[in-house]
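What follows is a set of notes on a single structure, which appears directly below.
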Amino acid sequence: MLTNISNVLRACAQRNGAAAVVAARTYADFTTQATFEVKKCDVFKLDEAPATQVVMTRDEGLRYYRIMQTMRRMELKADQLYKQKIIRGFCHLYDGQEACAVGIEASINLSDHLITAYRAHGYTYTRGGTVKEIMAELTGRRGGIAKGKGGSMHMYCKHFYGGNGIVGAQVPLGAGVALACKYQGNNELCVCLYGDGAANQGQIFETYNMAALWKLPVIFICENNRYGMGTSVERAAASTDYFKRGEFIPGLRVDGMDVLCVREATRFAADHCRSGKGPILMELQTYRYHGHSMSDPGVSYRTREEIQEVRSKSDPISLLKDRMLSNNMASVEELKEIDVEVRKEIEDAAQFATTDPEPPLDELCNHVFSNNPPLEVRGTHPWAKLKSVS
Amino acid sequence: MMAAAARFFIRGANSKLSISGVAAGAQSSLGASLLKLSASCNSRTKTQRRHVAHFTFQPDPVPTQYGPTQKMNLFQSVTSALDNTLANDPTAVIFGEDVAFGGVFRCTVGLRDKYGKDRVFNTPLCEQGIVGFGIGVAVAGATAIAEIQFADYIFPAFDQIVNEAAKYRYRSGNLFDCGNLTIRAPWGCVGHGSLYHSQSPEAFFAHCPGLKIVIPRGPVQAKGLLLSCIADKNPCIFFEPKILYRAAVEQVPVEAYTIPLSQADILEEGSDVTLVAWGTQIHVMREVANMAQEKLGVSCEVIDLQTILPWDVETVCKSVAKTGRLLISHEAPITGGFAAEISSTVQEECFLNLEAPISRVCGYDTPFPHIFEPFYIPDKWKCFDAIKRMINY
């Protein structure tokens with residue numbers, strides 16, 4: 001009988017305009033999963049490629065949407081706070097590249113390890129940081145994820161090694177973490193990210209050699225957003241096929257704006273590493289909407305039209321939303337509800353970040369060394385020393 | 001509580017200063033964001049007290065002996081020096097990250113258009129590569145001017161500088177040298193730079209014979225010293241105080257001129273205390289000297305060291321022999337900072353002249369902090385306090 005009623009209601013809805021009657025649609029109406037086609041990845045020194053037909057469930061879709069939307073709103077809020085001078089220093093925003101962080105995290109476990117450079121807010125979130133902690137770290141308050149001592153470029157949490165300022169320096173570190181995983185035999189791997197600019201640093205090649213020689217379980221990921229600060233890849237690199245730069249390391253070129261493509265490629269890469277075959281290199285072709293950092297307008301080396309084009313044709317959140325809506329996996333209202341919730345979460349976090357007190361002054365000298373008992377730190381006055389506790 | 005008290009202290013201090021043009025300059029970030037800053041002027045008054053610079057720039061008198069002058073700030077004076085070099089020396093080349101469009105601090109604006117893309121060109125992101133490449137260019141006979149984007153990023157190139165550039169002449173018995181190499185890098189605290197945009201690494205390189213290290217205090221000195229470094233037949237590192245790029249404005253000669261290296265500059269003569277500093281800290285010291293004169297009746301001799309290596313031992317020691325007291329100040333951490341070298345040499349040479357132990361007011365032995373910068377830097381109050389103790393010793 002209930003079915004009859006709902007059928008009647010649905011019939012009425014179709015006559016009056018479906019949009020008006022929300023109540024008639026129950027969650028049972030949505031498709032629980034669907035298969036999607038993703039772009040084929042270019043491969044280098046590999047016999048197989050990641051699958052091009054991928055399955056995504058409704059729950060996964062909603063989850064990815066929520067996480068990406070949270071990251072996007074968080075970065076836009078950081079932009080706002082920076083312009084109000086509540087966040088100071090350097091701030092490198094991740095909007096446009098959300099699909100990379102979400103796709104990668106979807107195919108690894110929280111017990112795996114990840115390290116990246118300074119465009120790290122997104123990864124801090126996917127690795128387990130809360131929006132509150134991240135924003136409080138940006139404003140330098142004691143509630144921040146690094147106790148307010150690191151700022152935008154130095155955020156850390158469990159199995160996430162930052163947050164590194166010096167370009168390229170994090171890559172050998174990532175290989176070291178992978179060595180530890182192999183040594184301890186815990187079947188974990190390390191995802192080691194760097195950008196198209198960093199791909200020309202010497203340390204990266206040293207790391208490729210060590211990782212391949214010792215078959216370390218490391219996934220090297222080059223987030224190619226086409227510009228190393230203000231220099232386009234054509235003007236910086238003799239070869240822009242970053243996935244082939246590993247020479248003796250197999251490589252994949254992945255569409256970094258499609259969360260499902262990234263997820264599938266990462267799954268492929270993770271299997272490769274965990275099966276003991278050694279390192280693998282992934283190039284994610286992605287794009288950042290903001291400039292390199294908040295002091296870079298982002299339009300002196302690229303056109304506004306280019307940015308607009310990417311925003312309208314390849315925005316990761318829009319892509320996911322269209323997919324879900326056209327396959328009847330979610331409703332517009334449901335996604336709007338998520339948007340509203342996300343906005344509230346970001347507002348609360350921003351409120352916390354602006355009102356939380358700064359770290360106490362004694363923190364200035366703490367944690368320089370690991371020491372017991374407290375160390376004395378000399379500084380501006382020879383007769384007045386500060387205490388360093390660690 | 002202490003944080004609030006200290007902040008009150010700083011607020012109280014700054015109200016006595018004229019902070020007109022300095023605040024805007026000191027707060028400018030990389031690139032052309034000055035327009036953005038002026039637009040948000042209204043919102044600045046509330047937060048302004050926390051972000052005002054710790055010094056007031058004191059311009060040098062207009063130099064009359066080098067010909068017509070033009071108003072320039074620090075980055076413009078650097079551009080002018082580079083312009084003169086490219087014009088007079090056909091082998092000169094400028095390279096580094098992003099120098100082609102003008103550089104992140106605008107030091108190379110217009111040079112590529114004027115002199116061509118084979119003389120002013122970008123390198124990929126590889127400091128070790130940049131310096132190594134620069135050494136090669138210099139050895140082959142061209143004048144190489146390499147830019148490292150921030151002094152904090154110079155460390156991948158440390159091996160090339162210390163092991164290759166500095167030792168080339170020595171190890172080849174004067175057969176080869178890379179004297180044509182000059183490395184420029186923005187240096188020092190900037191108000192919000194945090195760990196990797198604020199460092200002063202002169203002490204690391206001071207430990208390496210074969211290099212020259214030079215740090216100017218303003219546009220007139222910068223142009224003259226940079227031209228001297230380029231002309232000098234030794235590899236030179238030229239650190240430019242980034243907080244002064246826009247804040248420091250002086251009348252600078254348009255033609256090329258040189259200021260001799262390894263000669264310290266006595267800015268103010270005095271009889272009671274010698275103050276030695278370099279770069280941004282000079283402007284702090286000049287204020288300290290005024291404060292000492294007004295409040296304590298103490299006459300201070302202010303010396304700008306200018307060349308860190310090889311440093312002008314004679315000028316400093318002569319001054320200490322006269323005054324009997326020495327205060328050295330720098331932003332870099334105190335342990336192993338360059339003040340230690342000066343202190344050690346002066347006590348060797350002037351032991352019996354000293355009335356009080358030599359005072360070093362420097363940064364704390366911690367990494368350059370993020371949020372704690374105002375408490376970390378050796379500001380004028382800390383220096384003033386040190387003078388008081390020396391006088392009352």
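Here, A, B, ... name the chains of the structure tokens in the order displayed, residue numbers run from 1 inside each chain, and ligands are numbered from 1 in the same displayed order.
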
Next on the checklist: With only C-alpha atoms considered, list every residue of chain A at most 8 Å from chain B, as a ChimeraX atom specification.
Outcome noted: /A:84,88-90,140,148-151,165-166,197-198,200-202,230-231,236-237,295-296,360-361,364-365,368,377-382

Per DSSP on the backbone, filter segment 161-219 of chain B down to the residues in helix (DSSP H, G or I) and report them as a compact mmCIF listing (two decimals) with all heavy atoms, in the first residue's frame.
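Below you can see selection-v9.txt, which holds the result:
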# COMPACT_ATOMS: atom_id res chain seq x y z
N ILE B 161 79.82 26.12 -3.01
CA ILE B 161 80.43 27.39 -2.60
C ILE B 161 81.69 27.13 -1.79
O ILE B 161 82.76 27.68 -2.06
CB ILE B 161 79.45 28.24 -1.77
CG1 ILE B 161 78.23 28.63 -2.63
CG2 ILE B 161 80.12 29.49 -1.23
CD1 ILE B 161 77.13 29.29 -1.84
N VAL B 162 81.57 26.27 -0.79
CA VAL B 162 82.66 26.08 0.15
C VAL B 162 83.76 25.18 -0.42
O VAL B 162 84.95 25.47 -0.27
CB VAL B 162 82.10 25.50 1.47
CG1 VAL B 162 83.19 24.93 2.34
CG2 VAL B 162 81.33 26.58 2.21
N ASN B 163 83.36 24.11 -1.06
CA ASN B 163 84.37 23.16 -1.52
C ASN B 163 84.93 23.46 -2.90
O ASN B 163 86.04 23.06 -3.22
CB ASN B 163 83.79 21.74 -1.51
CG ASN B 163 83.95 21.08 -0.15
OD1 ASN B 163 84.85 21.43 0.60
ND2 ASN B 163 83.10 20.13 0.16
N GLU B 164 84.15 24.10 -3.72
CA GLU B 164 84.62 24.37 -5.08
C GLU B 164 85.03 25.83 -5.26
O GLU B 164 86.18 26.14 -5.51
CB GLU B 164 83.54 24.00 -6.10
CG GLU B 164 83.01 22.57 -5.98
CD GLU B 164 84.05 21.51 -6.22
OE1 GLU B 164 84.95 21.71 -7.05
OE2 GLU B 164 83.98 20.46 -5.55
N ALA B 165 84.05 26.73 -5.11
CA ALA B 165 84.33 28.14 -5.40
C ALA B 165 85.46 28.70 -4.54
O ALA B 165 86.40 29.32 -5.03
CB ALA B 165 83.06 28.97 -5.21
N TYR B 168 89.12 27.06 -5.32
CA TYR B 168 89.61 26.88 -6.69
C TYR B 168 91.00 27.45 -6.91
O TYR B 168 91.89 26.79 -7.46
CB TYR B 168 88.62 27.52 -7.67
CG TYR B 168 88.38 26.70 -8.91
CD1 TYR B 168 87.09 26.35 -9.28
CD2 TYR B 168 89.44 26.27 -9.72
CE1 TYR B 168 86.86 25.60 -10.41
CE2 TYR B 168 89.21 25.51 -10.83
CZ TYR B 168 87.91 25.18 -11.19
OH TYR B 168 87.68 24.42 -12.30
N ARG B 169 91.19 28.69 -6.49
CA ARG B 169 92.49 29.34 -6.75
C ARG B 169 93.60 28.64 -5.97
O ARG B 169 94.68 28.35 -6.49
CB ARG B 169 92.43 30.81 -6.36
CG ARG B 169 93.61 31.62 -6.85
CD ARG B 169 93.61 33.01 -6.27
NE ARG B 169 92.53 33.85 -6.77
CZ ARG B 169 92.61 34.57 -7.89
NH1 ARG B 169 93.68 34.52 -8.62
NH2 ARG B 169 91.59 35.32 -8.25
N TYR B 170 93.28 28.33 -4.73
CA TYR B 170 94.27 27.73 -3.84
C TYR B 170 94.74 26.38 -4.37
O TYR B 170 95.94 26.09 -4.46
CB TYR B 170 93.64 27.59 -2.46
CG TYR B 170 94.57 27.15 -1.37
CD1 TYR B 170 95.28 28.09 -0.61
CD2 TYR B 170 94.74 25.80 -1.07
CE1 TYR B 170 96.13 27.69 0.40
CE2 TYR B 170 95.58 25.40 -0.06
CZ TYR B 170 96.27 26.35 0.68
OH TYR B 170 97.10 25.95 1.68
N ARG B 171 93.76 25.54 -4.74
CA ARG B 171 94.14 24.17 -5.09
C ARG B 171 94.78 24.07 -6.47
O ARG B 171 95.41 23.07 -6.79
CB ARG B 171 92.93 23.25 -5.01
CG ARG B 171 91.93 23.46 -6.11
CD ARG B 171 90.70 22.60 -5.90
NE ARG B 171 89.79 22.73 -7.03
CZ ARG B 171 88.49 22.57 -6.96
NH1 ARG B 171 87.93 22.28 -5.79
NH2 ARG B 171 87.75 22.70 -8.03
N GLU B 202 75.34 34.30 7.26
CA GLU B 202 76.72 34.76 7.01
C GLU B 202 77.76 34.00 7.82
O GLU B 202 78.88 33.79 7.36
CB GLU B 202 76.86 36.27 7.23
CG GLU B 202 76.74 36.76 8.66
CD GLU B 202 75.30 37.07 9.06
OE1 GLU B 202 74.39 36.70 8.30
OE2 GLU B 202 75.11 37.65 10.14
N ALA B 203 77.38 33.55 9.03
CA ALA B 203 78.36 32.89 9.89
C ALA B 203 78.85 31.57 9.30
O ALA B 203 80.01 31.18 9.49
CB ALA B 203 77.76 32.66 11.27
N PHE B 204 77.95 30.86 8.59
CA PHE B 204 78.36 29.58 8.01
C PHE B 204 79.48 29.79 6.99
O PHE B 204 80.42 29.01 6.91
CB PHE B 204 77.19 28.92 7.26
CG PHE B 204 76.10 28.41 8.16
CD1 PHE B 204 74.89 29.07 8.22
CD2 PHE B 204 76.28 27.29 8.93
CE1 PHE B 204 73.87 28.60 9.04
CE2 PHE B 204 75.27 26.80 9.75
CZ PHE B 204 74.07 27.48 9.81
N PHE B 205 79.35 30.88 6.21
CA PHE B 205 80.33 31.12 5.15
C PHE B 205 81.56 31.84 5.66
O PHE B 205 82.62 31.77 5.04
CB PHE B 205 79.67 31.91 4.02
CG PHE B 205 78.55 31.17 3.37
CD1 PHE B 205 77.24 31.44 3.70
CD2 PHE B 205 78.83 30.17 2.45
CE1 PHE B 205 76.21 30.73 3.12
CE2 PHE B 205 77.80 29.45 1.87
CZ PHE B 205 76.49 29.73 2.21
N ALA B 206 81.43 32.53 6.80
CA ALA B 206 82.57 33.26 7.35
C ALA B 206 83.67 32.29 7.73
O ALA B 206 84.84 32.68 7.86
CB ALA B 206 82.13 34.07 8.56
N PRO B 219 70.55 51.62 0.05
CA PRO B 219 70.74 51.63 -1.40
C PRO B 219 72.09 52.16 -1.88
O PRO B 219 72.71 51.55 -2.76
CB PRO B 219 69.60 52.54 -1.89
CG PRO B 219 68.58 52.47 -0.83
CD PRO B 219 69.32 52.28 0.45

Checklist entry - With distances taken over only C-alpha atoms, which of A:Glu223, A:Glu283, A:Asp258, A:Glu264 is nearest to Leu320 of chain A? => result A:Asp258

Next on the checklist: For Pro235 of chain B, find every residue with an atom within 10 Å (counting only C-alpha atoms), except residues of its own chain fewer than 2 positions away, and show them as number ranges by chain.
Outcome noted: B: 135, 138, 144, 161, 165-168, 177-183, 210-213, 229-230, 232-233, 237-238

Find the residues near Leu227 of chain B: any atom within 10 Å, counting only C-alpha atoms, skip ones fewer than 3 places away on the same chain, and give them as a compact mmCIF listing (two decimals) with all heavy atoms, in the first residue's frame.
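Full text of around-v2.txt as output:
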# COMPACT_ATOMS: atom_id res chain seq x y z
N VAL B 78 69.97 47.96 -6.68
CA VAL B 78 70.56 46.71 -7.16
C VAL B 78 70.37 46.60 -8.66
O VAL B 78 71.31 46.27 -9.40
CB VAL B 78 69.93 45.49 -6.45
CG1 VAL B 78 70.36 44.20 -7.10
CG2 VAL B 78 70.32 45.48 -4.98
N SER B 80 70.07 49.03 -10.71
CA SER B 80 70.96 50.01 -11.32
C SER B 80 72.39 49.47 -11.41
O SER B 80 73.06 49.62 -12.44
CB SER B 80 70.93 51.29 -10.48
OG SER B 80 71.85 52.22 -10.96
N ALA B 81 72.85 48.83 -10.35
CA ALA B 81 74.20 48.26 -10.36
C ALA B 81 74.32 47.19 -11.44
O ALA B 81 75.31 47.15 -12.18
CB ALA B 81 74.52 47.65 -8.99
N LEU B 82 73.30 46.34 -11.54
CA LEU B 82 73.34 45.27 -12.54
C LEU B 82 73.28 45.86 -13.95
O LEU B 82 73.94 45.39 -14.86
CB LEU B 82 72.18 44.30 -12.31
CG LEU B 82 72.24 43.53 -10.98
CD1 LEU B 82 70.98 42.69 -10.79
CD2 LEU B 82 73.46 42.64 -10.90
N ASN B 84 74.43 48.84 -14.87
CA ASN B 84 75.76 49.36 -15.17
C ASN B 84 76.71 48.24 -15.58
O ASN B 84 77.48 48.36 -16.52
CB ASN B 84 76.37 50.07 -13.95
CG ASN B 84 75.64 51.36 -13.60
OD1 ASN B 84 75.41 51.65 -12.43
ND2 ASN B 84 75.27 52.14 -14.59
N THR B 85 76.62 47.12 -14.86
CA THR B 85 77.52 45.99 -15.13
C THR B 85 77.28 45.43 -16.52
O THR B 85 78.21 45.21 -17.29
CB THR B 85 77.33 44.88 -14.10
OG1 THR B 85 77.48 45.43 -12.81
CG2 THR B 85 78.32 43.75 -14.30
N THR B 182 79.77 36.18 -8.56
CA THR B 182 79.13 36.90 -7.45
C THR B 182 77.79 36.22 -7.23
O THR B 182 77.04 35.99 -8.18
CB THR B 182 78.90 38.38 -7.79
OG1 THR B 182 80.14 38.96 -8.18
CG2 THR B 182 78.33 39.14 -6.61
N GLN B 221 75.01 52.25 -0.36
CA GLN B 221 76.04 51.26 -0.05
C GLN B 221 75.86 50.02 -0.91
O GLN B 221 76.82 49.45 -1.42
CB GLN B 221 75.95 50.85 1.42
CG GLN B 221 76.11 51.97 2.41
CD GLN B 221 77.45 52.67 2.26
OE1 GLN B 221 77.54 53.77 1.74
NE2 GLN B 221 78.50 52.01 2.69
N ALA B 222 74.61 49.60 -1.10
CA ALA B 222 74.34 48.38 -1.85
C ALA B 222 74.91 48.46 -3.26
O ALA B 222 75.61 47.55 -3.71
CB ALA B 222 72.85 48.09 -1.90
N LYS B 223 74.62 49.56 -3.94
CA LYS B 223 75.10 49.66 -5.32
C LYS B 223 76.63 49.66 -5.39
O LYS B 223 77.22 48.90 -6.15
CB LYS B 223 74.53 50.92 -5.97
CG LYS B 223 74.98 51.08 -7.41
CD LYS B 223 74.22 52.15 -8.15
CE LYS B 223 74.95 52.40 -9.48
NZ LYS B 223 74.23 53.33 -10.34
N GLY B 224 77.23 50.48 -4.54
CA GLY B 224 78.69 50.56 -4.55
C GLY B 224 79.35 49.25 -4.18
O GLY B 224 80.31 48.80 -4.80
N ILE B 230 81.36 42.56 -7.81
CA ILE B 230 81.42 42.05 -9.17
C ILE B 230 82.82 42.27 -9.74
O ILE B 230 83.37 41.39 -10.40
CB ILE B 230 80.34 42.74 -10.04
CG1 ILE B 230 78.95 42.32 -9.55
CG2 ILE B 230 80.52 42.38 -11.50
CD1 ILE B 230 77.82 43.08 -10.18
N ALA B 231 83.43 43.42 -9.41
CA ALA B 231 84.76 43.71 -9.92
C ALA B 231 85.84 42.91 -9.21
O ALA B 231 86.89 42.60 -9.79
CB ALA B 231 85.04 45.20 -9.75
N ASP B 232 85.58 42.53 -7.97
CA ASP B 232 86.58 41.83 -7.16
C ASP B 232 86.95 40.49 -7.78
O ASP B 232 86.09 39.75 -8.25
CB ASP B 232 86.02 41.64 -5.75
CG ASP B 232 87.10 41.24 -4.77
OD1 ASP B 232 87.47 40.06 -4.72
OD2 ASP B 232 87.61 42.13 -4.06
N ALA B 256 78.10 54.27 -12.44
CA ALA B 256 78.72 53.21 -11.65
C ALA B 256 79.76 53.80 -10.69
O ALA B 256 80.44 54.76 -11.04
CB ALA B 256 79.40 52.22 -12.58
N TYR B 257 79.84 53.24 -9.51
CA TYR B 257 80.85 53.66 -8.55
C TYR B 257 81.12 52.48 -7.63
O TYR B 257 80.27 51.58 -7.51
CB TYR B 257 80.38 54.88 -7.72
CG TYR B 257 79.14 54.61 -6.89
CD1 TYR B 257 79.24 54.30 -5.52
CD2 TYR B 257 77.88 54.65 -7.46
CE1 TYR B 257 78.12 54.05 -4.77
CE2 TYR B 257 76.75 54.40 -6.71
CZ TYR B 257 76.87 54.10 -5.37
OH TYR B 257 75.74 53.83 -4.63
N THR B 258 82.27 52.47 -7.00
CA THR B 258 82.53 51.35 -6.10
C THR B 258 82.83 51.85 -4.69
O THR B 258 83.32 52.96 -4.50
CB THR B 258 83.74 50.51 -6.57
OG1 THR B 258 84.86 51.38 -6.71
CG2 THR B 258 83.46 49.82 -7.89
N ILE B 259 82.48 51.03 -3.74
CA ILE B 259 82.82 51.29 -2.33
C ILE B 259 83.77 50.19 -1.93
O ILE B 259 83.46 49.01 -2.16
CB ILE B 259 81.54 51.28 -1.47
CG1 ILE B 259 80.67 52.47 -1.85
CG2 ILE B 259 81.89 51.32 0.00
CD1 ILE B 259 79.35 52.52 -1.13
N PRO B 260 84.92 50.52 -1.37
CA PRO B 260 85.93 49.47 -1.12
C PRO B 260 85.44 48.40 -0.17
O PRO B 260 84.72 48.66 0.79
CB PRO B 260 87.11 50.24 -0.53
CG PRO B 260 86.66 51.60 -0.27
CD PRO B 260 85.40 51.86 -0.99
